[in-house]
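Chemist: Sharing a structure below in structure tokens format, with a few things to ask.
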Amino acid sequence: MTCAIDVDHVFFRYDEFKMEDIKLQLHIGEQKALAGLNGSGKTTLFKLLLGLLEPDSGDIYIFDKKLTKDTLWEIRQDVGFLFQNPDDQLFAPTVWEDVAFGPRNLGLTKEEVEDRVEWALDRVGMSNFFNRPVNQMSHGQAKRVALAGIIAMRPSILVLDEPFSGLDFKMVTNMIDIIQKLRQDGASILFTTHNSFFIENWSDSVAVIKEGRIVYDGPTKDAMRSKVVTENVGDWGRLKQQILSSRSTFLE
Ligand SMILES: Nc1ncnc2c1ncn2[C@@H]1O[C@H](COP(=O)(O)OP(=O)(O)O)[C@@H](O)[C@H]1O
Ligand SMILES: [Mg+2]
């Protein structure tokens, strides 16, 4: 069966840290959480998925295409990656230029590029900021602009590293709303979190990583009864209450 992402027995090591025998699948149309405590290997796994790091052994397939130096460019057109810190992602002088960078590289016409940038900025609620220098935004605004740059490429897979971290409550609900719309448009989504609320409410399945190994992978409905899951994610009761009590304001 074709998967959006298929990680097949991947091993990788930094000096002090190793990822061992990682097997992970993101099915087409699925929204999957990758959970784990700080330092468990989530970002390392994402860098492997993007070809920023190379496995010591094992293979990664994106829609059945093996990730290699030769396929990397082509595969990256299909995968939109949101970095944990938007400062690592934004580099053009203005918001508009930043979001236009990817579509321009696709060789689209000027009109097509403009349409995509407008659509993407509108989708993340940042249209009014089009002329703003990228270094003059709050963390949450920068994160949304970074997401606009990704969705302007119309990727079929979104890989989001801690999309909710560092956002205030209003921004969290905003980000949830944006991601839901992308999913309705057909995207397959893999996101990292160490927050049980997002696992419970926004994922179909969850994989848990601990010290560089996948220690759980299954449907979310069963996951929260598993000790290995609850031990490796935080309890965010207060955020949960806030979000549930204000649902109607963002889930229309
Ligand atoms: N460039 C690097 N060189 C050496 N060790 C690293 C590097 N990046 C991350 N690590 C180590 O790899 C482990 C996993 O880190 P990371 O994948 O960032 O975890 P997470 O995203 O789950 O918090 C940590 O112990 C971290 O210190
Ligand atoms: Mg990380």
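Ordering of the structure tokens sets the chain letters (A, B, ...); residue numbers start at 1 within each chain; ligands are numbered from 1 in the order shown.
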Once you count only C-alpha atoms and all ligand atoms, which residues end up within 12 Å of ligand 2, and could you hand them over as a list in words?

Modeler: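 I would give the residues around ligand 2 as Leu34, Ala35, Gly36, Leu37, Asn38, Gly39, Ser40, Gly41, Lys42, Thr43, Thr44, Leu45, Phe46, Lys47, Leu82, Phe83, Gln84, Asn85, Leu160, Asp161, Glu162, Pro163, Ser165, Phe191, Thr192, Thr193, His194 and Ile209 of chain A.
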
Chemist: Can you spit out the residues from that selection as an mmCIF file, in the first residue's frame, using N, CA and C atoms?

Modeler:
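After the write, part-v9.cif holds the following:
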data_model
loop_
_atom_site.group_PDB
_atom_site.id
_atom_site.type_symbol
_atom_site.label_atom_id
_atom_site.label_comp_id
_atom_site.auth_asym_id
_atom_site.auth_seq_id
_atom_site.Cartn_x
_atom_site.Cartn_y
_atom_site.Cartn_z
ATOM 1 N N LEU A 34 3.528 12.774 16.381
ATOM 2 C CA LEU A 34 4.766 12.142 16.849
ATOM 3 C C LEU A 34 5.068 12.777 18.196
ATOM 4 N N ALA A 35 4.896 11.979 19.246
ATOM 5 C CA ALA A 35 5.018 12.534 20.594
ATOM 6 C C ALA A 35 6.280 12.024 21.255
ATOM 7 N N GLY A 36 6.758 12.795 22.198
ATOM 8 C CA GLY A 36 7.938 12.369 22.942
ATOM 9 C C GLY A 36 8.481 13.529 23.746
ATOM 10 N N LEU A 37 9.188 13.212 24.797
ATOM 11 C CA LEU A 37 9.720 14.262 25.663
ATOM 12 C C LEU A 37 10.846 15.011 24.947
ATOM 13 N N ASN A 38 11.251 16.128 25.518
ATOM 14 C CA ASN A 38 12.365 16.889 24.948
ATOM 15 C C ASN A 38 13.595 16.012 24.827
ATOM 16 N N GLY A 39 14.243 16.073 23.664
ATOM 17 C CA GLY A 39 15.474 15.314 23.476
ATOM 18 C C GLY A 39 15.244 13.863 23.079
ATOM 19 N N SER A 40 13.992 13.475 22.784
ATOM 20 C CA SER A 40 13.716 12.071 22.458
ATOM 21 C C SER A 40 14.063 11.729 21.005
ATOM 22 N N GLY A 41 14.194 12.763 20.153
ATOM 23 C CA GLY A 41 14.600 12.486 18.765
ATOM 24 C C GLY A 41 13.602 12.921 17.700
ATOM 25 N N LYS A 42 12.597 13.701 18.084
ATOM 26 C CA LYS A 42 11.547 14.098 17.128
ATOM 27 C C LYS A 42 12.118 14.943 15.982
ATOM 28 N N THR A 43 12.860 15.981 16.354
ATOM 29 C CA THR A 43 13.399 16.863 15.318
ATOM 30 C C THR A 43 14.434 16.131 14.466
ATOM 31 N N THR A 44 15.200 15.262 15.086
ATOM 32 C CA THR A 44 16.176 14.464 14.329
ATOM 33 C C THR A 44 15.461 13.614 13.282
ATOM 34 N N LEU A 45 14.360 12.986 13.672
ATOM 35 C CA LEU A 45 13.610 12.174 12.716
ATOM 36 C C LEU A 45 13.082 13.050 11.573
ATOM 37 N N PHE A 46 12.605 14.243 11.898
ATOM 38 C CA PHE A 46 12.096 15.131 10.846
ATOM 39 C C PHE A 46 13.216 15.548 9.890
ATOM 40 N N LYS A 47 14.402 15.786 10.445
ATOM 41 C CA LYS A 47 15.517 16.163 9.566
ATOM 42 C C LYS A 47 15.887 15.003 8.640
ATOM 43 N N LEU A 82 7.513 22.601 8.426
ATOM 44 C CA LEU A 82 7.515 23.763 9.327
ATOM 45 C C LEU A 82 8.533 23.521 10.432
ATOM 46 N N PHE A 83 9.565 24.363 10.471
ATOM 47 C CA PHE A 83 10.595 24.225 11.498
ATOM 48 C C PHE A 83 10.037 24.624 12.855
ATOM 49 N N GLN A 84 10.659 24.057 13.880
ATOM 50 C CA GLN A 84 10.246 24.367 15.243
ATOM 51 C C GLN A 84 10.366 25.882 15.500
ATOM 52 N N ASN A 85 11.440 26.480 15.012
ATOM 53 C CA ASN A 85 11.655 27.909 15.215
ATOM 54 C C ASN A 85 11.550 28.642 13.877
ATOM 55 N N LEU A 160 5.146 19.075 10.476
ATOM 56 C CA LEU A 160 5.114 20.274 11.318
ATOM 57 C C LEU A 160 5.800 19.964 12.645
ATOM 58 N N ASP A 161 6.915 20.650 12.893
ATOM 59 C CA ASP A 161 7.670 20.380 14.116
ATOM 60 C C ASP A 161 7.218 21.352 15.205
ATOM 61 N N GLU A 162 6.523 20.837 16.179
ATOM 62 C CA GLU A 162 5.981 21.646 17.288
ATOM 63 C C GLU A 162 5.204 22.870 16.779
ATOM 64 N N PRO A 163 4.169 22.656 15.949
ATOM 65 C CA PRO A 163 3.470 23.818 15.373
ATOM 66 C C PRO A 163 2.804 24.706 16.415
ATOM 67 N N SER A 165 4.036 25.191 19.646
ATOM 68 C CA SER A 165 4.894 25.653 20.740
ATOM 69 C C SER A 165 5.184 27.140 20.607
ATOM 70 N N PHE A 191 2.778 15.735 12.737
ATOM 71 C CA PHE A 191 3.231 16.851 13.578
ATOM 72 C C PHE A 191 3.782 16.335 14.891
ATOM 73 N N THR A 192 4.773 17.050 15.417
ATOM 74 C CA THR A 192 5.302 16.659 16.716
ATOM 75 C C THR A 192 4.631 17.478 17.807
ATOM 76 N N THR A 193 4.526 16.871 18.957
ATOM 77 C CA THR A 193 4.004 17.582 20.119
ATOM 78 C C THR A 193 4.430 16.846 21.378
ATOM 79 N N HIS A 194 4.479 17.559 22.501
ATOM 80 C CA HIS A 194 4.610 16.820 23.761
ATOM 81 C C HIS A 194 3.410 17.176 24.639
ATOM 82 N N ILE A 209 8.021 8.435 20.642
ATOM 83 C CA ILE A 209 9.453 8.172 20.538
ATOM 84 C C ILE A 209 10.093 8.437 21.900
#

Chemist: Which of range 196-242 of chain A end up as helix (DSSP H, G or I) when DSSP is run on this backbone - answer as a ChimeraX atom specification?

Modeler: /A:196-202,220-223,227-230,237-242

Chemist: Name all residues at most 12 Å from range 70-74 of chain A (count only C-alpha atoms; drop same-chain ones fewer than 3 positions away) and give them as a list in words.

Modeler: Leu48, Leu49, Leu50, Gly51, Leu52, Leu53, Glu54, Ile60, Tyr61, Ile62, Phe63, Asp64, Lys65, Lys66, Leu67, Gln77, Asp78, Val79, Asn105, Leu106 and Pro155 of chain A

Chemist: Write the residues of the selection above to a file with N, CA and C atoms, as a compact mmCIF listing (two decimals), in the first residue's frame.

Modeler:
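File written: part.txt
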# COMPACT_ATOMS: atom_id res chain seq x y z
N LEU A 48 15.75 13.79 9.13
CA LEU A 48 15.98 12.62 8.28
C LEU A 48 14.94 12.57 7.16
N LEU A 49 13.68 12.87 7.51
CA LEU A 49 12.60 12.83 6.52
C LEU A 49 12.83 13.85 5.40
N LEU A 50 13.45 14.94 5.77
CA LEU A 50 13.66 16.02 4.81
C LEU A 50 14.97 15.88 4.05
N GLY A 51 15.75 14.87 4.40
CA GLY A 51 17.04 14.71 3.76
C GLY A 51 18.09 15.68 4.26
N LEU A 52 17.83 16.34 5.39
CA LEU A 52 18.85 17.23 5.97
C LEU A 52 19.90 16.40 6.71
N LEU A 53 19.49 15.22 7.15
CA LEU A 53 20.43 14.24 7.70
C LEU A 53 20.24 12.95 6.91
N GLU A 54 21.29 12.17 6.83
CA GLU A 54 21.22 10.92 6.07
C GLU A 54 21.27 9.74 7.03
N ILE A 60 13.91 5.70 3.51
CA ILE A 60 12.70 6.52 3.69
C ILE A 60 12.04 6.66 2.32
N TYR A 61 10.74 6.41 2.29
CA TYR A 61 9.99 6.52 1.04
C TYR A 61 8.91 7.58 1.18
N ILE A 62 8.78 8.42 0.18
CA ILE A 62 7.70 9.40 0.13
C ILE A 62 6.85 9.03 -1.09
N PHE A 63 5.60 8.68 -0.85
CA PHE A 63 4.74 8.17 -1.93
C PHE A 63 5.48 7.13 -2.77
N ASP A 64 6.08 6.16 -2.09
CA ASP A 64 6.78 5.04 -2.74
C ASP A 64 8.09 5.42 -3.41
N LYS A 65 8.43 6.69 -3.36
CA LYS A 65 9.71 7.09 -3.99
C LYS A 65 10.79 7.15 -2.90
N LYS A 66 11.89 6.43 -3.15
CA LYS A 66 12.95 6.37 -2.15
C LYS A 66 13.68 7.71 -2.08
N LEU A 67 13.91 8.17 -0.85
CA LEU A 67 14.64 9.42 -0.64
C LEU A 67 16.13 9.18 -0.87
N GLN A 77 9.28 19.01 -3.19
CA GLN A 77 8.13 19.74 -3.73
C GLN A 77 6.82 19.21 -3.12
N ASP A 78 6.87 17.98 -2.66
CA ASP A 78 5.67 17.34 -2.12
C ASP A 78 5.52 17.50 -0.62
N VAL A 79 6.62 17.87 0.04
CA VAL A 79 6.62 17.88 1.50
C VAL A 79 6.87 19.30 2.02
N ASN A 105 10.28 29.59 -7.46
CA ASN A 105 11.22 28.52 -7.83
C ASN A 105 10.55 27.39 -8.60
N LEU A 106 9.21 27.34 -8.53
CA LEU A 106 8.49 26.30 -9.28
C LEU A 106 8.34 26.69 -10.75
N PRO A 155 1.88 21.56 -0.98
CA PRO A 155 2.45 20.22 -0.77
C PRO A 155 1.35 19.23 -0.37

Chemist: Give me the residues near Met19 in chain A as a list in words, where near means some atom within 8 Å (using only C-alpha atoms) and where sequence neighbours in that chain fewer than 2 positions away do not count.

Modeler: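 Returned residues: Val10, Phe11, Phe12, Arg13, Phe17, Asp21, Ile22, Gly41, Glu211, Gly212 and Arg213 of chain A.
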
Chemist: Kindly export the residues of the current selection with C-alpha atoms, as a short mmCIF file (atom, residue, chain, number, x, y, z; two decimals), in the first residue's frame.

Modeler:
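See result.cif below for the written result:
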data_model
loop_
_atom_site.label_atom_id
_atom_site.label_comp_id
_atom_site.auth_asym_id
_atom_site.auth_seq_id
_atom_site.Cartn_x
_atom_site.Cartn_y
_atom_site.Cartn_z
CA VAL A 10 16.18 3.65 9.89
CA PHE A 11 19.27 3.95 12.10
CA PHE A 12 21.14 7.17 12.71
CA ARG A 13 23.58 8.44 15.31
CA PHE A 17 22.58 10.02 20.69
CA ASP A 21 15.36 0.86 14.00
CA ILE A 22 12.78 3.56 13.32
CA GLY A 41 14.60 12.49 18.77
CA GLU A 211 15.42 7.87 23.58
CA GLY A 212 15.59 7.41 19.83
CA ARG A 213 13.23 4.44 19.60
#

Chemist: Which residue is closest to Ala148 in chain A? Choose from A:Ala120, A:Leu90, A:Leu167, A:Ile199 and count only C-alpha atoms.

Modeler: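 Comparing A:Ala120, A:Leu90, A:Leu167, A:Ile199 against Ala148 in chain A, the winner is A:Ala120.
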
Chemist: Write out as a list in words each polymer residue whose atoms come within 7 Å of Gly218 in chain A, counting only C-alpha atoms; drop sequence neighbours fewer than 6 positions from it.

Modeler: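 With the cut-off at 7 Å, the set is Ser205, Val206 and Ala207 of chain A.
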
Chemist: What's around range 224-228 of chain A at 8 Å? Count only C-alpha atoms, leave out sequence neighbours fewer than 6 positions away in its own chain, and write the answer as JSON, numbers by chain.

Modeler: {"A": [200, 215, 216]}

Chemist: With a distance cut-off of 9 Å and only C-alpha atoms, select the neighbouring residues of Ile176 in chain A, excluding the residue or stretch itself and same-chain residues fewer than 4 positions from it, and output the selection as JSON, numbers by chain.

Modeler: {"A": [164, 171, 172, 180, 181, 202, 250]}

Chemist: Go ahead and write the selection's residues with N, CA and C atoms as a compact mmCIF listing (two decimals), in the first residue's frame.

Modeler:
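And here's again.txt as it stands now:
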# COMPACT_ATOMS: atom_id res chain seq x y z
N PHE A 164 2.56 24.16 17.61
CA PHE A 164 1.83 24.94 18.61
C PHE A 164 2.75 25.54 19.68
N MET A 171 -3.39 32.17 19.39
CA MET A 171 -2.63 31.68 18.23
C MET A 171 -2.75 30.16 18.07
N VAL A 172 -2.81 29.47 19.21
CA VAL A 172 -2.98 28.02 19.15
C VAL A 172 -4.28 27.67 18.44
N GLN A 180 -6.62 22.36 10.21
CA GLN A 180 -7.84 21.62 9.85
C GLN A 180 -8.26 21.90 8.42
N LYS A 181 -8.15 23.16 8.02
CA LYS A 181 -8.54 23.51 6.64
C LYS A 181 -7.62 22.83 5.63
N TRP A 202 -6.49 16.03 17.88
CA TRP A 202 -6.12 16.41 16.52
C TRP A 202 -5.33 15.36 15.79
N PHE A 250 -13.76 29.00 17.23
CA PHE A 250 -12.85 28.70 16.12
C PHE A 250 -13.22 27.47 15.33

Chemist: Using backbone DSSP assignments, extract all strand (DSSP E or B) residues from range 117-167 of chain A; output them as a PyMOL selection string.

Modeler: chain A and resi 133+157-160

Chemist: Can I get the selected residues back with N, CA and C atoms, as a compact mmCIF listing (two decimals), in the first residue's frame?

Modeler:
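Below you can see result-v8.txt, which holds the result:
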# COMPACT_ATOMS: atom_id res chain seq x y z
N PRO A 133 8.69 43.61 7.33
CA PRO A 133 9.95 42.86 7.38
C PRO A 133 9.78 41.61 8.25
N ILE A 157 2.02 16.67 1.58
CA ILE A 157 2.36 16.23 2.93
C ILE A 157 2.86 17.44 3.73
N LEU A 158 2.37 17.56 4.95
CA LEU A 158 2.86 18.61 5.83
C LEU A 158 3.55 17.96 7.02
N VAL A 159 4.77 18.39 7.27
CA VAL A 159 5.53 17.88 8.41
C VAL A 159 5.77 19.09 9.32
N LEU A 160 5.15 19.07 10.48
CA LEU A 160 5.11 20.27 11.32
C LEU A 160 5.80 19.96 12.64

Chemist: For each of A:Val229, A:Met153, A:Val208, A:Leu147, take the minimum atom-to-atom distance to ligand 1, counting only C-alpha atoms and all ligand atoms, then give the residue where this is smallest.

Modeler: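 Smallest separation from ligand 1 among the options: A:Val208.
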